[in-house]
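What follows is the content of model_3.txt (compact mmCIF, C-alpha atoms).
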# COMPACT_ATOMS: atom_id res chain seq x y z
CA MET A 1 0.00 0.00 0.00
CA LYS A 2 1.36 3.38 -1.01
CA GLU A 3 -0.47 5.31 1.73
CA ILE A 4 -1.78 4.47 5.20
CA SER A 5 -5.12 5.91 4.06
CA LEU A 6 -5.43 2.91 1.71
CA ASN A 7 -4.89 0.52 4.63
CA ILE A 8 -7.63 2.42 6.48
CA LEU A 9 -10.04 1.90 3.57
CA ASP A 10 -9.10 -1.78 3.34
CA ILE A 11 -9.32 -2.61 7.06
CA ALA A 12 -12.55 -0.64 7.60
CA GLU A 13 -14.12 -2.80 4.87
CA ASN A 14 -13.59 -5.78 7.21
CA SER A 15 -15.67 -4.01 9.86
CA VAL A 16 -18.49 -3.44 7.39
CA LYS A 17 -18.31 -7.11 6.34
CA ALA A 18 -18.52 -8.09 10.01
CA GLY A 19 -21.94 -6.45 10.02
CA ALA A 20 -20.92 -3.46 12.14
CA PRO A 21 -23.60 -0.77 12.35
CA LEU A 22 -20.86 1.66 13.45
CA THR A 23 -17.18 1.76 12.51
CA GLU A 24 -14.99 4.29 14.32
CA ILE A 25 -11.77 5.41 12.71
CA TYR A 26 -9.27 7.39 14.77
CA VAL A 27 -5.95 8.79 13.61
CA ASP A 28 -3.89 10.33 16.40
CA GLU A 29 -0.82 12.10 15.07
CA THR A 30 0.19 14.08 18.12
CA GLY A 31 3.82 13.54 19.04
CA ASP A 32 6.20 11.19 17.26
CA GLU A 33 3.72 8.41 16.67
CA LEU A 34 0.79 7.95 14.36
CA ILE A 35 -1.77 5.77 16.08
CA LEU A 36 -4.48 4.36 13.88
CA THR A 37 -7.45 2.75 15.62
CA ILE A 38 -10.32 1.11 13.79
CA LYS A 39 -13.04 0.01 16.18
CA ASP A 40 -16.28 -1.65 15.21
CA ASN A 41 -19.32 -3.22 16.82
CA GLY A 42 -19.53 -6.04 14.29
CA CYS A 43 -19.78 -9.76 14.99
CA GLY A 44 -16.25 -9.99 16.43
CA MET A 45 -13.84 -12.92 16.15
CA ASP A 46 -12.99 -15.78 18.48
CA GLU A 47 -9.49 -16.02 19.93
CA GLU A 48 -8.32 -18.48 17.33
CA THR A 49 -9.43 -16.28 14.43
CA VAL A 50 -7.75 -13.21 15.95
CA LYS A 51 -4.47 -15.16 15.98
CA ALA A 52 -4.98 -16.34 12.41
CA VAL A 53 -5.73 -13.03 10.69
CA THR A 54 -2.14 -11.82 10.69
CA ASP A 55 -1.26 -14.91 8.67
CA PRO A 56 -1.35 -14.00 4.97
CA PHE A 57 -2.65 -17.46 4.17
CA TYR A 58 -5.74 -17.01 6.27
CA THR A 59 -8.88 -15.57 4.70
CA THR A 60 -12.63 -16.01 4.94
CA ARG A 61 -13.17 -15.39 1.27
CA LYS A 62 -13.56 -18.13 -1.27
CA THR A 63 -12.11 -16.60 -4.45
CA ARG A 64 -8.48 -16.84 -3.30
CA LYS A 65 -6.51 -18.51 -0.58
CA VAL A 66 -4.73 -15.40 0.65
CA GLY A 67 -5.88 -12.51 2.83
CA LEU A 68 -3.41 -9.66 2.82
CA GLY A 69 -5.29 -6.79 4.46
CA ILE A 70 -4.12 -7.23 8.04
CA PRO A 71 -0.65 -8.60 7.10
CA LEU A 72 0.02 -5.51 4.95
CA LEU A 73 -1.01 -3.16 7.78
CA LYS A 74 1.12 -5.15 10.23
CA LEU A 75 4.09 -4.89 7.88
CA ALA A 76 3.55 -1.15 7.34
CA CYS A 77 3.58 -0.34 11.06
CA GLU A 78 6.21 -2.85 12.15
CA GLN A 79 8.69 -1.65 9.53
CA THR A 80 8.66 1.74 11.32
CA GLY A 81 9.36 0.08 14.69
CA GLY A 82 5.70 0.20 15.66
CA SER A 83 3.21 -2.54 16.39
CA LEU A 84 -0.19 -3.98 15.59
CA THR A 85 -2.69 -5.20 18.15
CA ILE A 86 -6.09 -6.70 17.57
CA THR A 87 -8.66 -7.20 20.28
CA SER A 88 -11.99 -8.77 19.61
CA SER A 89 -15.02 -10.08 21.39
CA THR A 90 -17.96 -12.19 20.33
CA ASP A 91 -19.76 -11.53 23.59
CA GLU A 92 -23.46 -11.08 23.00
CA LYS A 93 -23.65 -7.75 24.84
CA ASP A 94 -20.32 -6.26 23.79
CA HIS A 95 -19.12 -7.66 20.49
CA GLY A 96 -16.77 -6.14 17.96
CA THR A 97 -13.18 -5.77 16.93
CA THR A 98 -10.54 -3.10 17.52
CA VAL A 99 -7.45 -2.93 15.34
CA LYS A 100 -4.73 -0.62 16.59
CA ALA A 101 -1.62 0.15 14.58
CA VAL A 102 1.20 2.28 15.96
CA PHE A 103 3.63 3.87 13.48
CA LEU A 104 6.81 5.78 14.32
CA LYS A 105 6.54 8.83 12.10
CA ASN A 106 10.24 9.68 11.99
CA HIS A 107 11.33 6.26 10.75
CA ILE A 108 12.63 6.20 7.18
CA ASP A 109 10.18 3.43 6.27
CA PHE A 110 7.13 5.36 7.45
CA THR A 111 4.47 5.40 4.72
CA PRO A 112 2.69 8.76 4.47
CA LEU A 113 -0.91 8.94 5.62
CA GLY A 114 -2.00 10.19 2.19
CA ASP A 115 -5.46 11.15 1.06
CA VAL A 116 -7.56 10.10 4.03
CA THR A 117 -10.51 12.24 2.88
CA SER A 118 -10.74 10.13 -0.23
CA SER A 119 -10.80 6.92 1.83
CA ILE A 120 -13.56 8.17 4.12
CA VAL A 121 -15.63 9.34 1.16
CA THR A 122 -15.13 5.99 -0.58
CA LEU A 123 -16.22 4.09 2.54
CA ILE A 124 -19.40 6.12 2.87
CA GLN A 125 -20.15 5.90 -0.86
CA GLY A 126 -19.81 2.12 -0.77
CA HIS A 127 -21.70 1.55 2.47
CA PRO A 128 -24.33 4.26 2.83
CA THR A 129 -26.53 2.30 5.24
CA VAL A 130 -23.97 1.89 8.03
CA ASP A 131 -22.34 4.59 10.13
CA PHE A 132 -18.78 5.85 10.35
CA LEU A 133 -17.19 8.10 12.92
CA PHE A 134 -13.90 9.57 11.80
CA ARG A 135 -11.61 11.66 13.97
CA HIS A 136 -8.11 12.82 13.07
CA ILE A 137 -6.15 14.55 15.81
CA THR A 138 -2.96 16.46 15.06
CA ASP A 139 -0.86 18.98 16.98
CA ARG A 140 -2.68 21.74 15.08
CA GLY A 141 -6.21 20.62 15.74
CA GLU A 142 -8.87 18.10 14.89
CA VAL A 143 -10.94 16.90 11.95
CA GLU A 144 -14.16 15.03 12.64
CA LEU A 145 -17.05 13.54 10.73
CA ASP A 146 -19.93 11.49 12.11
CA THR A 147 -22.38 10.04 9.58
CA ARG A 148 -24.99 9.66 12.35
CA GLU A 149 -25.10 13.44 12.60
CA LEU A 150 -25.46 13.77 8.82
CA ARG A 151 -28.12 11.09 8.73
CA SER A 152 -30.24 12.93 11.29
CA VAL A 153 -30.22 15.98 9.00
CA LEU A 154 -30.74 14.02 5.78
CA GLU A 155 -33.47 11.71 7.12
CA ASP A 156 -34.38 9.42 4.21
CA VAL A 157 -32.03 10.96 1.66
CA PRO A 158 -29.26 8.37 1.24
CA LEU A 159 -25.67 9.19 2.19
CA ASP A 160 -24.42 8.05 -1.22
CA THR A 161 -26.41 10.75 -3.02
CA TYR A 162 -23.87 12.52 -5.22
CA GLU A 163 -24.50 15.97 -3.72
CA VAL A 164 -24.05 14.53 -0.21
CA ILE A 165 -20.79 12.81 -1.18
CA VAL A 166 -19.50 16.11 -2.56
CA TRP A 167 -20.59 17.89 0.64
CA ILE A 168 -18.72 15.33 2.78
CA ARG A 169 -15.56 15.65 0.69
CA ASP A 170 -15.64 19.45 0.74
CA ASN A 171 -16.43 19.50 4.46
CA LEU A 172 -13.42 17.28 5.26
CA ASN A 173 -11.12 19.21 2.94
CA GLU A 174 -12.17 22.49 4.54
CA GLN A 175 -11.58 21.10 8.03
CA TYR A 176 -8.08 20.02 6.90
CA GLU A 177 -7.46 23.47 5.43
CA VAL A 178 -8.05 24.98 8.90
CA ILE A 179 -5.45 22.78 10.64
CA LYS A 180 -2.89 22.83 7.82
CA MET B 181 -17.16 25.89 5.87
CA LYS B 182 -19.64 23.36 4.49
CA SER B 183 -22.36 23.64 7.12
CA LEU B 184 -25.16 21.37 8.23
CA ALA B 185 -27.52 24.05 6.90
CA GLU B 186 -26.15 23.35 3.43
CA LEU B 187 -26.74 19.66 3.99
CA GLN B 188 -30.29 20.48 4.99
CA ALA B 189 -30.70 22.37 1.70
CA ILE B 190 -29.41 19.31 -0.21
CA LYS B 191 -31.95 17.18 1.63
CA ASN B 192 -34.83 19.49 0.73
CA LYS B 193 -33.73 19.51 -2.89
CA MET B 194 -33.28 15.73 -3.08
CA LYS B 195 -36.44 14.71 -1.26
CA ASP B 196 -38.56 14.71 -4.39
CA LYS B 197 -35.89 12.92 -6.36
CA VAL B 198 -35.59 9.98 -3.98
CA VAL B 199 -38.59 8.24 -5.46
CA LEU B 200 -37.08 8.59 -8.92
CA ARG B 201 -33.73 7.20 -7.82
CA GLU B 202 -35.22 4.04 -6.41
CA GLY B 203 -36.60 2.99 -9.76
CA SER B 204 -33.27 3.56 -11.52
CA GLY B 205 -30.13 1.51 -11.77
CA ASP B 206 -30.61 -0.02 -15.22
CA VAL B 207 -26.84 0.02 -15.52
CA ARG B 208 -24.50 -0.91 -12.68
CA VAL B 209 -20.83 -0.04 -12.59
CA VAL B 210 -19.10 -2.25 -10.01
CA VAL B 211 -15.54 -1.55 -8.88
CA GLY B 212 -13.48 -4.23 -7.09
CA MET B 213 -12.45 -2.77 -3.73
CA ALA B 214 -10.76 -5.65 -1.92
CA THR B 215 -7.13 -5.40 -0.73
CA CYS B 216 -5.87 -6.27 -4.22
CA GLY B 217 -8.03 -3.63 -5.90
CA ILE B 218 -7.22 -0.92 -3.37
CA ALA B 219 -3.47 -1.61 -3.59
CA ALA B 220 -3.64 -1.44 -7.39
CA GLY B 221 -5.38 1.95 -7.42
CA ALA B 222 -9.12 1.25 -7.30
CA ARG B 223 -9.93 4.21 -5.05
CA PRO B 224 -9.25 6.95 -7.65
CA VAL B 225 -10.92 4.77 -10.32
CA LEU B 226 -14.10 4.53 -8.24
CA ASN B 227 -14.07 8.26 -7.52
CA ALA B 228 -13.56 9.02 -11.22
CA PHE B 229 -16.64 6.94 -12.09
CA VAL B 230 -18.72 8.68 -9.41
CA GLU B 231 -17.59 12.09 -10.72
CA GLU B 232 -17.93 11.38 -14.42
CA VAL B 233 -21.29 9.62 -14.21
CA ASN B 234 -22.68 12.70 -12.49
CA ALA B 235 -20.90 15.19 -14.72
CA SER B 236 -22.43 13.41 -17.74
CA GLY B 237 -25.90 13.53 -16.23
CA LEU B 238 -26.13 9.72 -16.21
CA ASN B 239 -26.88 9.38 -12.50
CA GLN B 240 -30.53 8.50 -13.02
CA LYS B 241 -29.58 5.54 -15.18
CA VAL B 242 -26.23 4.41 -13.80
CA THR B 243 -25.34 3.40 -10.26
CA VAL B 244 -21.72 3.08 -9.16
CA SER B 245 -21.04 0.51 -6.44
CA GLN B 246 -18.23 -1.47 -4.84
CA THR B 247 -17.52 -5.16 -4.50
CA GLY B 248 -14.85 -7.43 -3.05
CA CYS B 249 -12.24 -9.53 -4.82
CA VAL B 250 -13.28 -10.65 -8.28
CA GLY B 251 -10.55 -13.31 -8.31
CA LEU B 252 -8.27 -11.81 -10.97
CA CYS B 253 -6.02 -9.84 -8.64
CA GLN B 254 -3.26 -9.35 -11.22
CA TYR B 255 -5.69 -7.44 -13.45
CA GLU B 256 -6.88 -5.00 -10.80
CA PRO B 257 -8.29 -2.36 -10.74
CA ILE B 258 -11.22 -4.27 -12.28
CA VAL B 259 -14.53 -2.71 -13.23
CA GLU B 260 -17.59 -4.68 -14.26
CA ILE B 261 -20.57 -3.19 -16.06
CA TYR B 262 -23.94 -4.88 -15.75
CA GLU B 263 -26.80 -3.88 -17.98
CA ALA B 264 -30.21 -5.54 -18.03
CA GLY B 265 -30.53 -7.92 -20.97
CA LYS B 266 -26.86 -7.64 -21.93
CA GLU B 267 -23.77 -9.66 -21.18
CA LYS B 268 -21.52 -8.36 -18.39
CA VAL B 269 -18.52 -6.35 -19.60
CA THR B 270 -15.27 -6.52 -17.62
CA TYR B 271 -12.61 -3.81 -17.84
CA VAL B 272 -9.18 -4.49 -16.36
CA LYS B 273 -6.11 -2.51 -15.25
CA MET B 274 -8.25 0.59 -15.01
CA THR B 275 -7.11 4.16 -14.32
CA PRO B 276 -9.13 7.35 -13.71
CA GLU B 277 -8.40 8.36 -17.34
CA LYS B 278 -9.70 5.03 -18.66
CA ALA B 279 -12.76 5.46 -16.44
CA LYS B 280 -13.49 8.73 -18.22
CA THR B 281 -13.28 6.98 -21.57
CA VAL B 282 -15.61 4.19 -20.41
CA VAL B 283 -18.20 6.72 -19.21
CA GLU B 284 -17.96 8.64 -22.47
CA LYS B 285 -18.00 5.67 -24.87
CA HIS B 286 -19.70 2.78 -23.09
CA LEU B 287 -22.15 4.39 -20.67
CA LYS B 288 -23.10 7.35 -22.85
CA ASN B 289 -22.93 5.84 -26.34
CA GLY B 290 -23.20 2.11 -25.71
CA GLU B 291 -19.86 1.24 -27.37
CA ILE B 292 -17.77 -1.33 -25.53
CA VAL B 293 -14.17 -0.11 -25.15
CA SER B 294 -12.55 -3.37 -26.24
CA GLU B 295 -8.95 -2.23 -25.68
CA PHE B 296 -9.60 -2.26 -21.89
CA THR B 297 -11.11 -5.76 -21.83
CA PRO B 298 -9.03 -8.76 -20.63
CA ALA B 299 -8.45 -10.14 -24.13
CA ASN B 300 -6.62 -6.98 -25.19
CA VAL B 301 -4.67 -5.92 -22.09
structure tokens encoding of this file:
Amino acid sequence: MKEISLNILDIAENSVKAGAPLTEIYVDETGDELILTIKDNGCGMDEETVKAVTDPFYTTRKTRKVGLGIPLLKLACEQTGGSLTITSSTDEKDHGTTVKAVFLKNHIDFTPLGDVTSSIVTLIQGHPTVDFLFRHITDRGEVELDTRELRSVLEDVPLDTYEVIVWIRDNLNEQYEVIK
Amino acid sequence: MKSLAELQAIKNKMKDKVVLREGSGDVRVVVGMATCGIAAGARPVLNAFVEEVNASGLNQKVTVSQTGCVGLCQYEPIVEIYEAGKEKVTYVKMTPEKAKTVVEKHLKNGEIVSEFTPANV
């Protein structure tokens, strides 16, 4: 992956596939680390599956025998001296998965974050019926988008309506402009 | 700043159109967005389709959606076009520029862009 934002798009897709009504995406860039957290309230995984997902030869899909999403994220953060942790629960009352990747920003092998706006827009466009909370914290300020808030304004107008997608993209870009 | 008031205005404008939208979707553009697709550049391809379909005024007829791995990872980004009563058309190794061409030729004028199909790439 050329940008961490592409890993975000890829890993968040797993949350949607796990049936999560809400996927929370946090990027904390304060200090020398970039901490990416993707937290969902999907079906969760049992202990054995959690161990298996970092293996590139583990996948739930049927078209191919490899699953590279998590291994690529693991590689991207570990090559900077960081780490990947996955916690998950299938508990009836509190199920879901949290993937946390820590990157050391000053390492020569640090992949840039890239166009995270584009990833968030793509996620919403592809999955307009589930919710996403995105928060990016930097030393200069914060960018936030919560589709639940948008949904309450839009009522039955779908989130993947072109005009809404453009609004989301412009809103995020303007928020980034402020903290540039 | 793009405000919630503006979003409210979009909602008011779109409300009447919602009914229309539900009956549409004669043509479906499906972009592969699994790890393989994303790594190969599917994100800008998808966004180009979303942009171009709307810029060409085709949004009542064409829906752009995402799917997982199609199984031909080495040919990603892959785009499939489904049209009622017609055979599926698969475009491989797509770029945003090629997406523009597909919207212009295939979606607007009904000509299959054969140089982007697997047999010719």
When you get a sec, could you note down which chain A residues fall within 6 Å of chain B, using only C-alpha atoms, as a tab-separated table (two decimals) with C-alpha atoms, in the coordinates of the input?
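What follows is the written file out.tsv:
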chain	number	residue	atom	x	y	z
A	1	MET	CA	0.00	0.00	0.00
A	10	ASP	CA	-9.10	-1.78	3.34
A	63	THR	CA	-12.11	-16.60	-4.45
A	69	GLY	CA	-5.29	-6.79	4.46
A	126	GLY	CA	-19.81	2.12	-0.77
A	154	LEU	CA	-30.74	14.02	5.78
A	171	ASN	CA	-16.43	19.50	4.46
Original post:
Contacts of Lys51 (chain A) at 12 Å or less, counting only C-alpha atoms, minus same-chain residues fewer than 3 places along, as a VMD selection string?
Top reply: chain A and resid 45 to 48 54 to 56 58 70 to 71 84 to 88
Original post:
Between B:Glu291, B:Lys266, B:Val283, B:Phe296, which one has atoms that come closest to Ala235 (chain B), using only C-alpha atoms?
Top reply: B:Val283
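For the pair CA of Val282 (chain B) and CA of Val242 (chain B), the interatomic distance is 12.5 Å.
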**OP:** May I ask for the distance between CA of Thr90 (chain A) and CA of Ser152 (chain A), given in Å to one decimal place?
**Re:** 29.4 Å
**OP:** Would you mind telling me which residue in A:Gly19, A:Ser118, A:Ala52, A:Pro112 lies nearest to Ala228 (chain B) when using only C-alpha atoms?
**Re:**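 Using only C-alpha atoms, Ala228 (chain B) sits closest to A:Ser118.
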Subject >> Atom pair CA of Tyr176 (chain A) / CA of Pro276 (chain B): separation (Å) >> reply: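 So the two atoms, CA of Tyr176 (chain A) and CA of Pro276 (chain B), lie 24.2 Å apart.
By only C-alpha atoms, and with residues fewer than 4 positions from Ile137 (chain A) along its chain excluded, the set lying at most 8 Å from it is Tyr26, Val27, Asp28, Glu29, Thr30, Gly141, Glu142 and Val143 of chain A.
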So that I have them on file, write out the residues from the current selection with C-alpha atoms, as a compact mmCIF listing (two decimals), in the coordinates of the input.
# COMPACT_ATOMS: atom_id res chain seq x y z
CA TYR A 26 -9.27 7.39 14.77
CA VAL A 27 -5.95 8.79 13.61
CA ASP A 28 -3.89 10.33 16.40
CA GLU A 29 -0.82 12.10 15.07
CA THR A 30 0.19 14.08 18.12
CA GLY A 141 -6.21 20.62 15.74
CA GLU A 142 -8.87 18.10 14.89
CA VAL A 143 -10.94 16.90 11.95
Set up a box along x, y and z of the file covering all listed atoms of region 170-175 of chain A, add 3 Å on every one of the six sides, and write the centre and edge lengths in Å to one decimal, as AutoDock Vina command-line options.
--center_x -13.8 --center_y 19.9 --center_z 4.4 --size_x 11.3 --size_y 11.2 --size_z 13.3
**OP:** Name all residues at most 9 Å from Thr243 (chain B) (count only C-alpha atoms; drop same-chain ones fewer than 3 positions away) and give them as an NGL selection string.
**Re:** :B and (204-210 or 230 or 233 or 238-240)
For region 206-229 of chain B, supply N, CA and C atoms and format the output as a short mmCIF file (atom, residue, chain, number, x, y, z; two decimals), in the frame of the given file.
data_model
loop_
_atom_site.label_atom_id
_atom_site.label_comp_id
_atom_site.auth_asym_id
_atom_site.auth_seq_id
_atom_site.Cartn_x
_atom_site.Cartn_y
_atom_site.Cartn_z
N ASP B 206 -30.59 0.89 -14.08
CA ASP B 206 -30.61 -0.02 -15.22
C ASP B 206 -29.19 -0.51 -15.51
N VAL B 207 -28.23 0.37 -15.27
CA VAL B 207 -26.84 0.02 -15.52
C VAL B 207 -26.08 0.12 -14.20
N ARG B 208 -25.30 -0.92 -13.91
CA ARG B 208 -24.50 -0.91 -12.68
C ARG B 208 -23.03 -0.97 -13.00
N VAL B 209 -22.28 -0.02 -12.46
CA VAL B 209 -20.83 -0.04 -12.59
C VAL B 209 -20.29 -0.54 -11.25
N VAL B 210 -19.57 -1.66 -11.26
CA VAL B 210 -19.10 -2.25 -10.01
C VAL B 210 -17.57 -2.27 -9.99
N VAL B 211 -17.00 -1.63 -8.98
CA VAL B 211 -15.54 -1.55 -8.88
C VAL B 211 -15.04 -2.49 -7.77
N GLY B 212 -14.06 -3.30 -8.07
CA GLY B 212 -13.48 -4.23 -7.09
C GLY B 212 -12.68 -3.46 -6.05
N MET B 213 -13.11 -3.55 -4.79
CA MET B 213 -12.45 -2.77 -3.73
C MET B 213 -11.94 -3.67 -2.60
N ALA B 214 -11.41 -4.84 -2.95
CA ALA B 214 -10.76 -5.65 -1.92
C ALA B 214 -9.31 -5.16 -1.79
N THR B 215 -8.52 -5.82 -0.94
CA THR B 215 -7.13 -5.40 -0.73
C THR B 215 -6.39 -5.27 -2.07
N CYS B 216 -6.58 -6.27 -2.94
CA CYS B 216 -5.87 -6.27 -4.22
C CYS B 216 -6.26 -5.07 -5.08
N GLY B 217 -7.55 -4.76 -5.12
CA GLY B 217 -8.03 -3.63 -5.90
C GLY B 217 -7.52 -2.31 -5.34
N ILE B 218 -7.65 -2.16 -4.03
CA ILE B 218 -7.22 -0.92 -3.37
C ILE B 218 -5.73 -0.68 -3.60
N ALA B 219 -4.92 -1.75 -3.43
CA ALA B 219 -3.47 -1.61 -3.59
C ALA B 219 -3.10 -1.25 -5.03
N ALA B 220 -3.93 -1.68 -5.98
CA ALA B 220 -3.64 -1.44 -7.39
C ALA B 220 -4.17 -0.09 -7.87
N GLY B 221 -4.91 0.62 -7.03
CA GLY B 221 -5.38 1.95 -7.42
C GLY B 221 -6.87 2.05 -7.70
N ALA B 222 -7.67 1.23 -7.04
CA ALA B 222 -9.12 1.25 -7.30
C ALA B 222 -9.82 2.49 -6.74
N ARG B 223 -9.25 3.07 -5.68
CA ARG B 223 -9.93 4.21 -5.05
C ARG B 223 -10.11 5.39 -6.02
N PRO B 224 -9.03 5.86 -6.68
CA PRO B 224 -9.25 6.95 -7.65
C PRO B 224 -10.11 6.53 -8.85
N VAL B 225 -10.10 5.24 -9.20
CA VAL B 225 -10.92 4.77 -10.32
C VAL B 225 -12.40 4.89 -9.93
N LEU B 226 -12.73 4.43 -8.73
CA LEU B 226 -14.10 4.53 -8.24
C LEU B 226 -14.56 5.98 -8.21
N ASN B 227 -13.69 6.85 -7.63
CA ASN B 227 -14.07 8.26 -7.52
C ASN B 227 -14.24 8.90 -8.90
N ALA B 228 -13.43 8.49 -9.86
CA ALA B 228 -13.56 9.02 -11.22
C ALA B 228 -14.91 8.62 -11.81
N PHE B 229 -15.33 7.37 -11.59
CA PHE B 229 -16.64 6.94 -12.09
C PHE B 229 -17.76 7.75 -11.44
#
